[in-house]
$ cat model_31.txt   # compact mmCIF, C-alpha atoms
# COMPACT_ATOMS: atom_id res chain seq x y z
CA MET A 1 41.08 -13.00 -6.25
CA SER A 2 38.11 -10.67 -5.97
CA GLN A 3 38.21 -7.49 -3.99
CA VAL A 4 36.30 -7.89 -0.75
CA GLN A 5 35.21 -5.21 1.66
CA TYR A 6 34.51 -6.03 5.28
CA VAL A 7 32.01 -3.66 6.89
CA CYS A 8 31.67 -3.10 10.62
CA THR A 9 28.96 -0.70 11.77
CA PRO A 10 27.87 0.42 15.25
CA PRO A 11 27.50 -1.25 17.71
CA TYR A 12 30.53 -3.04 16.21
CA SER A 13 29.46 -6.56 17.13
CA GLN A 14 30.14 -8.26 13.80
CA ILE A 15 31.79 -7.99 10.39
CA VAL A 16 29.80 -8.28 7.17
CA ASP A 17 31.43 -9.30 3.89
CA HIS A 18 30.59 -7.01 1.01
CA LEU A 19 31.73 -7.71 -2.56
CA SER A 20 33.11 -4.64 -4.31
CA THR A 21 30.76 -5.07 -7.28
CA THR A 22 28.08 -3.12 -5.42
CA PRO A 23 28.68 0.33 -3.90
CA LEU A 24 28.71 1.11 -0.23
CA VAL A 25 26.39 4.09 0.08
CA ALA A 26 25.49 6.24 3.08
CA LEU A 27 26.88 4.02 5.81
CA PRO A 28 25.94 5.20 9.31
CA ALA A 29 28.24 7.45 11.34
CA GLY A 30 31.22 5.62 12.78
CA SER A 31 31.17 2.80 10.23
CA ILE A 32 34.43 1.05 9.39
CA VAL A 33 35.28 -0.47 6.01
CA LEU A 34 38.23 -2.80 5.50
CA ALA A 35 39.08 -3.10 1.80
CA THR A 36 41.34 -5.88 0.51
CA ARG A 37 43.26 -5.72 -2.78
CA ALA A 38 42.40 -2.03 -2.65
CA THR A 39 43.05 0.35 -5.53
CA THR A 40 42.99 4.12 -5.34
CA SER A 41 39.82 4.09 -7.44
CA LEU A 42 38.07 1.67 -5.08
CA ILE A 43 39.02 3.67 -1.98
CA SER A 44 37.91 6.90 -3.64
CA ASN A 45 34.54 5.41 -4.57
CA ILE A 46 33.94 4.17 -1.02
CA ALA A 47 34.98 7.47 0.53
CA ARG A 48 32.79 9.57 -1.72
CA SER A 49 29.79 7.25 -1.29
CA SER A 50 30.17 7.10 2.50
CA PRO A 51 32.34 10.05 3.59
CA SER A 52 31.74 9.36 7.29
CA ALA A 53 33.26 5.88 7.05
CA ILE A 54 36.72 5.01 8.37
CA ILE A 55 38.43 3.12 5.55
CA LEU A 56 41.22 0.66 6.27
CA VAL A 57 43.38 -1.00 3.61
CA GLY A 58 43.86 -4.69 4.26
CA LEU A 59 47.22 -6.17 3.28
CA GLN A 60 48.10 -9.83 3.34
CA ALA A 61 51.20 -10.83 5.27
CA GLY A 62 54.22 -10.21 3.04
CA GLU A 63 52.33 -7.89 0.68
CA VAL A 64 54.33 -4.74 -0.02
CA VAL A 65 53.16 -1.31 -1.17
CA THR A 66 55.26 1.73 -1.95
CA SER A 67 55.15 4.94 0.04
CA ALA A 68 53.80 6.70 -3.06
CA SER A 69 50.95 4.18 -3.30
CA LEU A 70 50.15 4.61 0.38
CA GLU A 71 50.00 8.38 -0.04
CA SER A 72 47.67 8.00 -3.03
CA LEU A 73 45.41 5.73 -1.01
CA ARG A 74 45.47 8.19 1.89
CA ARG A 75 44.52 11.09 -0.37
CA ALA A 76 41.73 8.96 -1.81
CA GLY A 77 40.28 8.48 1.68
CA ALA A 78 42.07 5.55 3.33
CA SER A 79 42.95 6.10 6.97
CA ALA A 80 45.30 3.25 7.83
CA VAL A 81 46.73 -0.11 6.80
CA LEU A 82 45.88 -3.36 8.60
CA VAL A 83 48.00 -6.45 7.96
CA LEU A 84 45.77 -9.50 7.82
CA ASP A 85 46.37 -13.09 8.78
CA ALA A 86 44.69 -15.83 6.80
CA GLY A 87 40.92 -15.91 7.01
CA THR A 88 38.34 -13.33 8.06
CA PRO A 89 39.81 -10.37 9.97
CA MET A 90 39.03 -10.09 13.64
CA VAL A 91 36.62 -7.41 14.88
CA VAL A 92 39.01 -6.49 17.70
CA ASP A 93 41.83 -5.76 15.24
CA ILE A 94 39.61 -3.61 13.03
CA LEU A 95 38.28 -1.60 15.98
CA ARG A 96 41.73 -1.09 17.51
CA THR A 97 43.18 0.15 14.22
CA ALA A 98 40.22 2.47 13.60
CA ARG A 99 40.53 4.01 17.07
CA ILE A 100 44.26 4.58 16.71
CA THR A 101 44.02 6.18 13.29
CA THR A 102 41.29 8.64 14.32
CA ASP A 103 43.20 9.84 17.38
CA SER A 104 44.69 12.66 15.29
CA VAL A 105 43.27 15.34 13.01
CA ARG A 106 46.60 16.49 11.57
CA GLY A 107 46.90 15.93 7.85
CA GLU A 108 43.31 14.75 7.65
CA LEU A 109 40.91 17.69 7.70
CA GLY A 110 41.79 18.91 4.22
CA ILE A 111 41.37 15.41 2.82
CA ARG A 112 37.97 15.02 4.49
CA LEU A 113 36.77 18.29 3.00
CA GLY A 114 37.98 17.29 -0.44
CA LEU A 115 36.09 14.01 -0.27
CA LEU A 116 32.95 15.99 0.54
CA GLY A 117 33.33 17.98 -2.68
CA HIS A 118 35.16 21.09 -1.53
CA THR A 119 38.11 22.48 -3.44
CA ILE A 120 40.92 23.10 -0.95
CA SER A 121 43.87 25.22 -2.05
CA PRO A 122 47.33 24.45 -0.63
CA SER A 123 47.31 27.73 1.30
CA PHE A 124 43.95 26.95 2.90
CA GLU A 125 45.00 23.40 3.76
CA ALA A 126 48.10 24.86 5.44
CA ALA A 127 45.89 27.28 7.37
CA LEU A 128 43.69 24.44 8.57
CA GLU A 129 46.78 22.52 9.65
CA ALA A 130 47.80 25.55 11.72
CA LEU A 131 44.39 25.46 13.36
CA VAL A 132 44.35 21.76 14.24
CA SER A 133 47.98 21.96 15.42
CA CYS A 134 47.25 24.83 17.81
CA GLU A 135 46.43 23.36 21.20
CA GLU A 136 44.76 26.58 22.34
CA ALA A 137 42.69 27.19 19.23
CA SER A 138 39.58 28.08 21.20
CA SER A 139 38.99 31.36 19.38
CA THR A 140 39.61 33.06 16.07
CA ARG A 141 42.31 35.12 17.76
CA HIS A 142 44.26 32.00 18.71
CA TRP A 143 44.08 30.73 15.14
CA ALA A 144 45.19 34.08 13.72
CA LEU A 145 48.13 34.21 16.14
CA ALA A 146 49.17 30.69 15.14
CA MET A 147 49.31 31.88 11.52
CA GLY A 148 51.04 35.16 12.34
CA GLU A 149 48.09 37.16 11.05
CA SER A 150 45.46 39.51 12.43
CA VAL A 151 41.89 38.40 12.94
CA ARG A 152 40.76 40.80 10.24
CA SER A 153 43.28 39.38 7.77
CA LEU A 154 42.17 35.82 8.50
CA GLU A 155 38.52 36.76 8.08
CA ARG A 156 39.31 38.42 4.76
CA ARG A 157 41.22 35.40 3.48
CA CYS A 158 38.37 33.05 4.36
CA ALA A 159 35.86 35.27 2.59
CA LYS A 160 37.90 36.47 -0.40
CA ASP A 161 40.75 34.04 -1.05
CA TRP A 162 39.31 30.69 0.05
CA LEU A 163 35.56 31.30 -0.37
CA ALA A 164 35.07 29.44 2.89
CA PRO A 165 32.99 29.92 6.05
CA ALA A 166 34.13 32.48 8.60
CA PRO A 167 37.02 31.61 10.95
CA ARG A 168 34.71 31.25 13.95
CA CYS A 169 32.92 28.42 12.13
CA TRP A 170 36.19 26.52 11.65
CA VAL A 171 37.16 27.04 15.27
CA ALA A 172 33.78 25.62 16.33
CA LEU A 173 34.29 22.61 14.03
CA VAL A 174 37.71 21.81 15.47
CA ARG A 175 36.43 22.23 19.03
CA ALA A 176 33.60 19.80 18.25
CA ILE A 177 36.08 17.30 16.80
CA ARG A 178 38.27 17.55 19.89
CA ALA A 179 35.30 17.10 22.18
CA VAL A 180 34.28 13.99 20.25
CA GLN A 181 37.82 12.60 20.48
CA ARG A 182 37.91 13.25 24.20
CA LEU A 183 34.57 11.56 24.82
CA GLN A 184 35.56 8.54 22.76
CA CYS A 185 38.93 8.03 24.43
CA SER A 186 37.39 7.35 27.83
CA ALA A 187 34.51 4.98 28.42
CA GLU A 188 34.69 5.47 32.19
CA GLY A 189 33.26 8.35 34.19
CA SER A 190 30.46 10.80 33.52
CA VAL A 191 30.35 13.00 30.46
CA GLU A 192 30.99 16.03 32.66
CA TYR A 193 34.04 14.44 34.28
CA VAL A 194 35.57 13.30 30.98
CA LEU A 195 35.07 16.69 29.35
CA THR A 196 36.45 18.58 32.34
CA GLN A 197 39.55 16.39 32.43
CA GLY A 198 39.98 16.98 28.70
CA GLY A 199 39.97 20.76 28.97
CA PHE A 200 36.23 21.37 28.43
CA PRO A 201 35.03 22.66 31.82
CA ASP A 202 31.65 23.83 30.48
CA ALA A 203 29.88 20.55 29.69
CA PRO A 204 26.50 22.19 28.85
CA ALA A 205 28.26 24.37 26.26
CA VAL A 206 29.82 21.26 24.69
CA ARG A 207 26.42 19.59 24.53
CA LYS A 208 25.05 22.63 22.68
CA LEU A 209 28.10 22.72 20.40
CA LEU A 210 27.73 19.06 19.39
CA SER A 211 24.00 19.50 18.86
CA ARG A 212 24.58 22.55 16.66
CA ILE A 213 27.54 21.21 14.69
CA CYS A 214 26.57 17.60 14.11
CA ASP A 215 23.21 16.96 15.81
CA VAL A 216 24.51 14.34 18.24
CA SER A 217 24.57 13.92 22.01
CA PRO A 218 27.70 13.19 24.07
CA ALA A 219 26.24 9.80 25.00
CA ARG A 220 25.84 8.89 21.33
CA VAL A 221 29.35 10.12 20.56
CA ARG A 222 30.81 7.71 23.11
CA SER A 223 29.19 4.76 21.31
CA LEU A 224 30.91 5.61 18.02
CA ILE A 225 34.45 5.48 16.66
CA GLY A 226 36.00 8.41 14.82
CA TRP A 227 35.20 12.03 14.04
CA TYR A 228 34.66 12.00 10.27
CA PHE A 229 30.89 12.20 10.67
CA VAL A 230 31.34 15.55 12.45
CA VAL A 231 32.92 17.10 9.34
CA ASP A 232 30.29 15.56 7.07
CA ARG A 233 27.39 17.00 9.08
CA TRP A 234 29.12 20.34 9.64
CA CYS A 235 29.63 20.78 5.90
CA ALA A 236 25.99 19.97 5.21
CA ARG A 237 25.00 22.76 7.60
CA SER A 238 27.74 25.32 7.06
CA TRP A 239 29.33 25.01 3.63
CA GLN A 240 27.61 24.49 0.31
CA CYS A 241 29.48 22.14 -2.03
CA THR A 242 31.81 24.05 -4.35
CA ILE A 243 32.08 21.48 -7.15
CA PRO A 244 29.48 19.34 -8.95

$ encode --input "model_31.txt" --output "structure tokens"
Amino acid sequence: MSQVQYVCTPPYSQIVDHLSTTPLVALPAGSIVLATRATTSLISNIARSSPSAIILVGLQAGEVVTSASLESLRRAGASAVLVLDAGTPMVVDILRTARITTDSVRGELGIRLGLLGHTISPSFEAALEALVSCEEASSTRHWALAMGESVRSLERRCAKDWLAPAPRCWVALVRAIRAVQRLQCSAEGSVEYVLTQGGFPDAPAVRKLLSRICDVSPARVRSLIGWYFVVDRWCARSWQCTIP
């Protein structure tokens, strides 16, 4: 059987079959790709060609993969597994799985950065995990406290050890991701109401943040699924690629 990729792009009204013999390049923000008979190489190629895409691995009923294989697929850029019934997958199943898998940032930010061409050391990936795991990471000071370091030490490590943007840039990125998640989790109510209920009382500041980080409005965010596009656009603005 040939490998087949099913592509679902905003506004998520239909699925398009796409044979794996041709690359998927520069899919729009919020796109979802379901890859069947997926290999690590295939997933990696899709993720690097369209780093904003949410990639699902489609398994047939009864098909078994090892935990090591799943981890390899995850590191290559796959976000979740979807067990398929016979025939073409349903849009509703693809959308539900994509929404569930992008509810969290933990264990994902380092992978996203790697797919965008940035070399992430284990110590820096651990630092980023401390940031996304800190519920009150609204400032560099909060992040430094979560790591048991001073602000000056964290700034030095970003500049000297990790060759990465300043801590305040990472805090802004994570805040933008969280704002996007909050807006996407509730289709009801005004933008101001949803943000306030989600711990963002200053809606105008969030609008400016999203415009600066990823050039998108809250209304547009609510029409999309996932936050990967935020990292992609933030890197293009804030962090020059570190590898060819």

$ residues_around --input "model_31.txt" --residues "Leu113 (chain A)" --least-positions-apart "3" --cutoff "12 Å" --atoms "all atoms listed in the file" --output "NGL selection string"
:A and (47-48 or 51-52 or 75-77 or 107-110 or 116-121 or 124-125 or 128 or 164 or 170 or 228-236 or 239-243)

$ residues_around --input "model_31.txt" --residues "Ala53 (chain A)" --least-positions-apart "2" --cutoff "9 Å" --atoms "only C-alpha atoms" --output "JSON, numbers by chain"
{"A": [26, 27, 28, 29, 30, 31, 32, 33, 46, 47, 50, 51, 55, 226, 228, 229]}

$ residues_around --input "model_31.txt" --residues "region 90-97 of chain A" --least-positions-apart "2" --cutoff "8 Å" --atoms "only C-alpha atoms" --output "PyMOL selection string"
chain A and resi 8+12-15+32+34+80+82+88+99-101

$ write_last_selection --input "model_31.txt" --atoms "C-alpha atoms" --output "mmCIF file, keeping the file's coordinate frame"
data_model
loop_
_atom_site.group_PDB
_atom_site.id
_atom_site.type_symbol
_atom_site.label_atom_id
_atom_site.label_comp_id
_atom_site.auth_asym_id
_atom_site.auth_seq_id
_atom_site.Cartn_x
_atom_site.Cartn_y
_atom_site.Cartn_z
ATOM 1 C CA CYS A 8 31.670 -3.100 10.620
ATOM 2 C CA TYR A 12 30.530 -3.040 16.210
ATOM 3 C CA SER A 13 29.460 -6.560 17.130
ATOM 4 C CA GLN A 14 30.140 -8.260 13.800
ATOM 5 C CA ILE A 15 31.790 -7.990 10.390
ATOM 6 C CA ILE A 32 34.430 1.050 9.390
ATOM 7 C CA LEU A 34 38.230 -2.800 5.500
ATOM 8 C CA ALA A 80 45.300 3.250 7.830
ATOM 9 C CA LEU A 82 45.880 -3.360 8.600
ATOM 10 C CA THR A 88 38.340 -13.330 8.060
ATOM 11 C CA ARG A 99 40.530 4.010 17.070
ATOM 12 C CA ILE A 100 44.260 4.580 16.710
ATOM 13 C CA THR A 101 44.020 6.180 13.290
#

$ closest_residue --input "model_31.txt" --among "A:Arg168, A:Ala78, A:Ala127, A:Gly198" --to "Glu149 (chain A)" --atoms "only C-alpha atoms"
A:Ala127

$ atom_distance --input "model_31.txt" --atom1 "CA of Gln181 (chain A)" --atom2 "CA of Ser44 (chain A)"
24.8 Å

$ residues_around --input "model_31.txt" --residues "Arg106 (chain A)" --least-positions-apart "6" --cutoff "12 Å" --atoms "all atoms listed in the file" --output "list of chain:residue names"
A:Ser79, A:Arg112, A:Glu125, A:Ala126, A:Ala127, A:Leu128, A:Glu129, A:Ala130, A:Leu131, A:Val132, A:Ser133, A:Cys134, A:Glu135, A:Val174, A:Ile177, A:Arg178

$ atom_distance --input "model_31.txt" --atom1 "CA of Glu155 (chain A)" --atom2 "CA of Pro167 (chain A)"
6.1 Å

$ closest_residue --input "model_31.txt" --among "A:Arg74, A:Ser123, A:Arg237, A:Val16" --to "Ser211 (chain A)" --atoms "only C-alpha atoms"
A:Arg237

$ residues_around --input "model_31.txt" --residues "Val191 (chain A)" --least-positions-apart "5" --cutoff "12 Å" --atoms "all atoms listed in the file" --output "list in words"
Ala179, Val180, Arg182, Leu183, Gln184, Cys185, Ser186, Thr196, Gln197, Gly198, Phe200, Pro201, Asp202, Ala203, Pro204, Val206, Arg207, Ser217, Pro218, Ala219, Arg220, Val221 and Arg222 of chain A

$ atom_distance --input "model_31.txt" --atom1 "CA of Val151 (chain A)" --atom2 "CA of Leu210 (chain A)"
24.8 Å

$ closest_residue --input "model_31.txt" --among "A:Asp161, A:Glu63, A:Glu188, A:Glu71" --to "Thr40 (chain A)" --atoms "only C-alpha atoms"
A:Glu71

$ closest_residue --input "model_31.txt" --among "A:Gly189, A:Thr140, A:Val105, A:Ala172" --to "Lys208 (chain A)" --atoms "only C-alpha atoms"
A:Ala172

$ closest_residue --input "model_31.txt" --among "A:Arg156, A:Val171, A:Val65, A:Gly114" --to "His142 (chain A)" --atoms "only C-alpha atoms"
A:Val171

$ residues_near_point --input "model_31.txt" --point "(42.1, -2.8, -2.4)" --cutoff "12 Å" --atoms "only C-alpha atoms" --output "JSON, numbers by chain"
{"A": [1, 2, 3, 4, 5, 6, 19, 20, 33, 34, 35, 36, 37, 38, 39, 40, 41, 42, 43, 44, 45, 46, 55, 56, 57, 58, 59, 60, 63, 65, 69, 70, 73, 76, 78, 81, 82]}

$ decode --input "model_31.txt" --residues "region 36-155 of chain A" --atoms "C-alpha atoms" --output "PDB file, in the first residue's frame"
ATOM      1  CA  THR A  36      -0.720   6.791   7.058  1.00  0.00           C
ATOM      2  CA  ARG A  37       1.988   4.108   6.999  1.00  0.00           C
ATOM      3  CA  ALA A  38       4.196   6.854   8.387  1.00  0.00           C
ATOM      4  CA  THR A  39       7.951   6.502   8.779  1.00  0.00           C
ATOM      5  CA  THR A  40      10.187   8.760  10.816  1.00  0.00           C
ATOM      6  CA  SER A  41      11.689  10.054   7.574  1.00  0.00           C
ATOM      7  CA  LEU A  42       8.279  10.934   6.140  1.00  0.00           C
ATOM      8  CA  ILE A  43       7.174  12.742   9.300  1.00  0.00           C
ATOM      9  CA  SER A  44      10.463  14.639   9.453  1.00  0.00           C
ATOM     10  CA  ASN A  45      10.130  15.751   5.833  1.00  0.00           C
ATOM     11  CA  ILE A  46       6.581  17.004   6.382  1.00  0.00           C
ATOM     12  CA  ALA A  47       7.505  18.816   9.587  1.00  0.00           C
ATOM     13  CA  ARG A  48      10.499  20.568   8.094  1.00  0.00           C
ATOM     14  CA  SER A  49       8.600  21.538   4.932  1.00  0.00           C
ATOM     15  CA  SER A  50       5.584  22.834   6.867  1.00  0.00           C
ATOM     16  CA  PRO A  51       6.677  23.455  10.484  1.00  0.00           C
ATOM     17  CA  SER A  52       3.362  25.091  11.391  1.00  0.00           C
ATOM     18  CA  ALA A  53       1.395  21.950  10.534  1.00  0.00           C
ATOM     19  CA  ILE A  54      -0.061  19.607  13.144  1.00  0.00           C
ATOM     20  CA  ILE A  55       0.978  16.114  12.065  1.00  0.00           C
ATOM     21  CA  LEU A  56      -1.045  13.079  13.089  1.00  0.00           C
ATOM     22  CA  VAL A  57       0.033   9.476  12.526  1.00  0.00           C
ATOM     23  CA  GLY A  58      -2.792   7.326  11.216  1.00  0.00           C
ATOM     24  CA  LEU A  59      -2.853   3.706  12.379  1.00  0.00           C
ATOM     25  CA  GLN A  60      -5.186   1.047  11.099  1.00  0.00           C
ATOM     26  CA  ALA A  61      -7.208  -0.860  13.676  1.00  0.00           C
ATOM     27  CA  GLY A  62      -5.000  -3.594  15.128  1.00  0.00           C
ATOM     28  CA  GLU A  63      -1.766  -1.980  13.914  1.00  0.00           C
ATOM     29  CA  VAL A  64       0.836  -1.895  16.677  1.00  0.00           C
ATOM     30  CA  VAL A  65       3.854   0.366  17.122  1.00  0.00           C
ATOM     31  CA  THR A  66       6.452   0.286  19.871  1.00  0.00           C
ATOM     32  CA  SER A  67       6.929   3.042  22.404  1.00  0.00           C
ATOM     33  CA  ALA A  68      10.402   3.647  20.941  1.00  0.00           C
ATOM     34  CA  SER A  69       8.903   4.109  17.468  1.00  0.00           C
ATOM     35  CA  LEU A  70       6.302   6.510  18.823  1.00  0.00           C
ATOM     36  CA  GLU A  71       9.001   8.565  20.511  1.00  0.00           C
ATOM     37  CA  SER A  72      11.002   8.684  17.268  1.00  0.00           C
ATOM     38  CA  LEU A  73       7.929   9.854  15.392  1.00  0.00           C
ATOM     39  CA  ARG A  74       7.249  12.471  18.071  1.00  0.00           C
ATOM     40  CA  ARG A  75      10.799  13.797  17.891  1.00  0.00           C
ATOM     41  CA  ALA A  76      10.473  13.921  14.105  1.00  0.00           C
ATOM     42  CA  GLY A  77       7.422  16.177  14.432  1.00  0.00           C
ATOM     43  CA  ALA A  78       4.349  13.974  14.917  1.00  0.00           C
ATOM     44  CA  SER A  79       1.910  15.256  17.520  1.00  0.00           C
ATOM     45  CA  ALA A  80      -0.479  12.358  18.083  1.00  0.00           C
ATOM     46  CA  VAL A  81      -1.768   9.010  16.854  1.00  0.00           C
ATOM     47  CA  LEU A  82      -5.236   8.543  15.363  1.00  0.00           C
ATOM     48  CA  VAL A  83      -6.624   5.028  14.950  1.00  0.00           C
ATOM     49  CA  LEU A  84      -8.527   4.803  11.685  1.00  0.00           C
ATOM     50  CA  ASP A  85     -11.516   2.770  10.658  1.00  0.00           C
ATOM     51  CA  ALA A  86     -11.774   1.536   7.097  1.00  0.00           C
ATOM     52  CA  GLY A  87     -12.108   4.223   4.469  1.00  0.00           C
ATOM     53  CA  THR A  88     -11.368   7.947   4.472  1.00  0.00           C
ATOM     54  CA  PRO A  89     -10.928   9.420   7.962  1.00  0.00           C
ATOM     55  CA  MET A  90     -13.622  11.721   9.252  1.00  0.00           C
ATOM     56  CA  VAL A  91     -12.960  15.459   9.522  1.00  0.00           C
ATOM     57  CA  VAL A  92     -14.482  15.527  13.011  1.00  0.00           C
ATOM     58  CA  ASP A  93     -12.025  12.903  14.270  1.00  0.00           C
ATOM     59  CA  ILE A  94      -9.030  14.722  12.808  1.00  0.00           C
ATOM     60  CA  LEU A  95     -10.084  18.064  14.281  1.00  0.00           C
ATOM     61  CA  ARG A  96     -10.833  16.603  17.710  1.00  0.00           C
ATOM     62  CA  THR A  97      -7.455  14.862  17.890  1.00  0.00           C
ATOM     63  CA  ALA A  98      -5.608  17.982  16.712  1.00  0.00           C
ATOM     64  CA  ARG A  99      -7.305  20.142  19.348  1.00  0.00           C
ATOM     65  CA  ILE A 100      -6.550  17.694  22.143  1.00  0.00           C
ATOM     66  CA  THR A 101      -2.895  17.290  21.241  1.00  0.00           C
ATOM     67  CA  THR A 102      -2.226  21.039  21.066  1.00  0.00           C
ATOM     68  CA  ASP A 103      -3.776  21.710  24.477  1.00  0.00           C
ATOM     69  CA  SER A 104      -0.324  21.359  26.065  1.00  0.00           C
ATOM     70  CA  VAL A 105       3.093  22.885  25.409  1.00  0.00           C
ATOM     71  CA  ARG A 106       5.039  20.581  27.733  1.00  0.00           C
ATOM     72  CA  GLY A 107       7.576  18.435  25.932  1.00  0.00           C
ATOM     73  CA  GLU A 108       6.862  20.198  22.651  1.00  0.00           C
ATOM     74  CA  LEU A 109       8.608  23.568  22.517  1.00  0.00           C
ATOM     75  CA  GLY A 110      12.108  22.136  22.183  1.00  0.00           C
ATOM     76  CA  ILE A 111      10.954  19.834  19.390  1.00  0.00           C
ATOM     77  CA  ARG A 112       9.309  22.716  17.531  1.00  0.00           C
ATOM     78  CA  LEU A 113      12.491  24.768  17.714  1.00  0.00           C
ATOM     79  CA  GLY A 114      14.564  21.858  16.459  1.00  0.00           C
ATOM     80  CA  LEU A 115      12.289  21.402  13.460  1.00  0.00           C
ATOM     81  CA  LEU A 116      12.819  25.072  12.642  1.00  0.00           C
ATOM     82  CA  GLY A 117      16.579  24.537  12.484  1.00  0.00           C
ATOM     83  CA  HIS A 118      17.719  25.513  15.959  1.00  0.00           C
ATOM     84  CA  THR A 119      20.166  23.412  17.909  1.00  0.00           C
ATOM     85  CA  ILE A 120      18.724  22.876  21.390  1.00  0.00           C
ATOM     86  CA  SER A 121      21.016  21.532  24.104  1.00  0.00           C
ATOM     87  CA  PRO A 122      19.539  19.287  26.821  1.00  0.00           C
ATOM     88  CA  SER A 123      20.117  22.001  29.429  1.00  0.00           C
ATOM     89  CA  PHE A 124      18.280  24.603  27.356  1.00  0.00           C
ATOM     90  CA  GLU A 125      15.405  22.227  26.635  1.00  0.00           C
ATOM     91  CA  ALA A 126      15.122  21.610  30.389  1.00  0.00           C
ATOM     92  CA  ALA A 127      15.092  25.371  30.980  1.00  0.00           C
ATOM     93  CA  LEU A 128      12.292  25.820  28.469  1.00  0.00           C
ATOM     94  CA  GLU A 129      10.350  23.036  30.158  1.00  0.00           C
ATOM     95  CA  ALA A 130      10.690  24.937  33.439  1.00  0.00           C
ATOM     96  CA  LEU A 131       9.258  27.990  31.713  1.00  0.00           C
ATOM     97  CA  VAL A 132       6.233  26.296  30.141  1.00  0.00           C
ATOM     98  CA  SER A 133       5.566  24.382  33.371  1.00  0.00           C
ATOM     99  CA  CYS A 134       5.514  27.560  35.471  1.00  0.00           C
ATOM    100  CA  GLU A 135       1.926  28.765  35.674  1.00  0.00           C
ATOM    101  CA  GLU A 136       3.031  32.253  36.716  1.00  0.00           C
ATOM    102  CA  ALA A 137       5.759  32.702  34.128  1.00  0.00           C
ATOM    103  CA  SER A 138       4.693  36.243  33.283  1.00  0.00           C
ATOM    104  CA  SER A 139       8.152  37.729  33.759  1.00  0.00           C
ATOM    105  CA  THR A 140      11.812  36.821  33.574  1.00  0.00           C
ATOM    106  CA  ARG A 141      11.893  36.826  37.360  1.00  0.00           C
ATOM    107  CA  HIS A 142       9.244  34.106  37.545  1.00  0.00           C
ATOM    108  CA  TRP A 143      11.207  31.962  35.098  1.00  0.00           C
ATOM    109  CA  ALA A 144      14.458  32.470  37.007  1.00  0.00           C
ATOM    110  CA  LEU A 145      12.762  31.525  40.280  1.00  0.00           C
ATOM    111  CA  ALA A 146      11.341  28.371  38.704  1.00  0.00           C
ATOM    112  CA  MET A 147      14.898  27.383  37.760  1.00  0.00           C
ATOM    113  CA  GLY A 148      16.399  28.382  41.101  1.00  0.00           C
ATOM    114  CA  GLU A 149      18.567  31.025  39.465  1.00  0.00           C
ATOM    115  CA  SER A 150      18.897  34.792  39.469  1.00  0.00           C
ATOM    116  CA  VAL A 151      17.686  36.887  36.574  1.00  0.00           C
ATOM    117  CA  ARG A 152      21.261  37.870  35.783  1.00  0.00           C
ATOM    118  CA  SER A 153      22.351  34.231  35.695  1.00  0.00           C
ATOM    119  CA  LEU A 154      19.494  33.306  33.360  1.00  0.00           C
ATOM    120  CA  GLU A 155      20.298  36.212  31.065  1.00  0.00           C
TER     121      GLU A 155
END
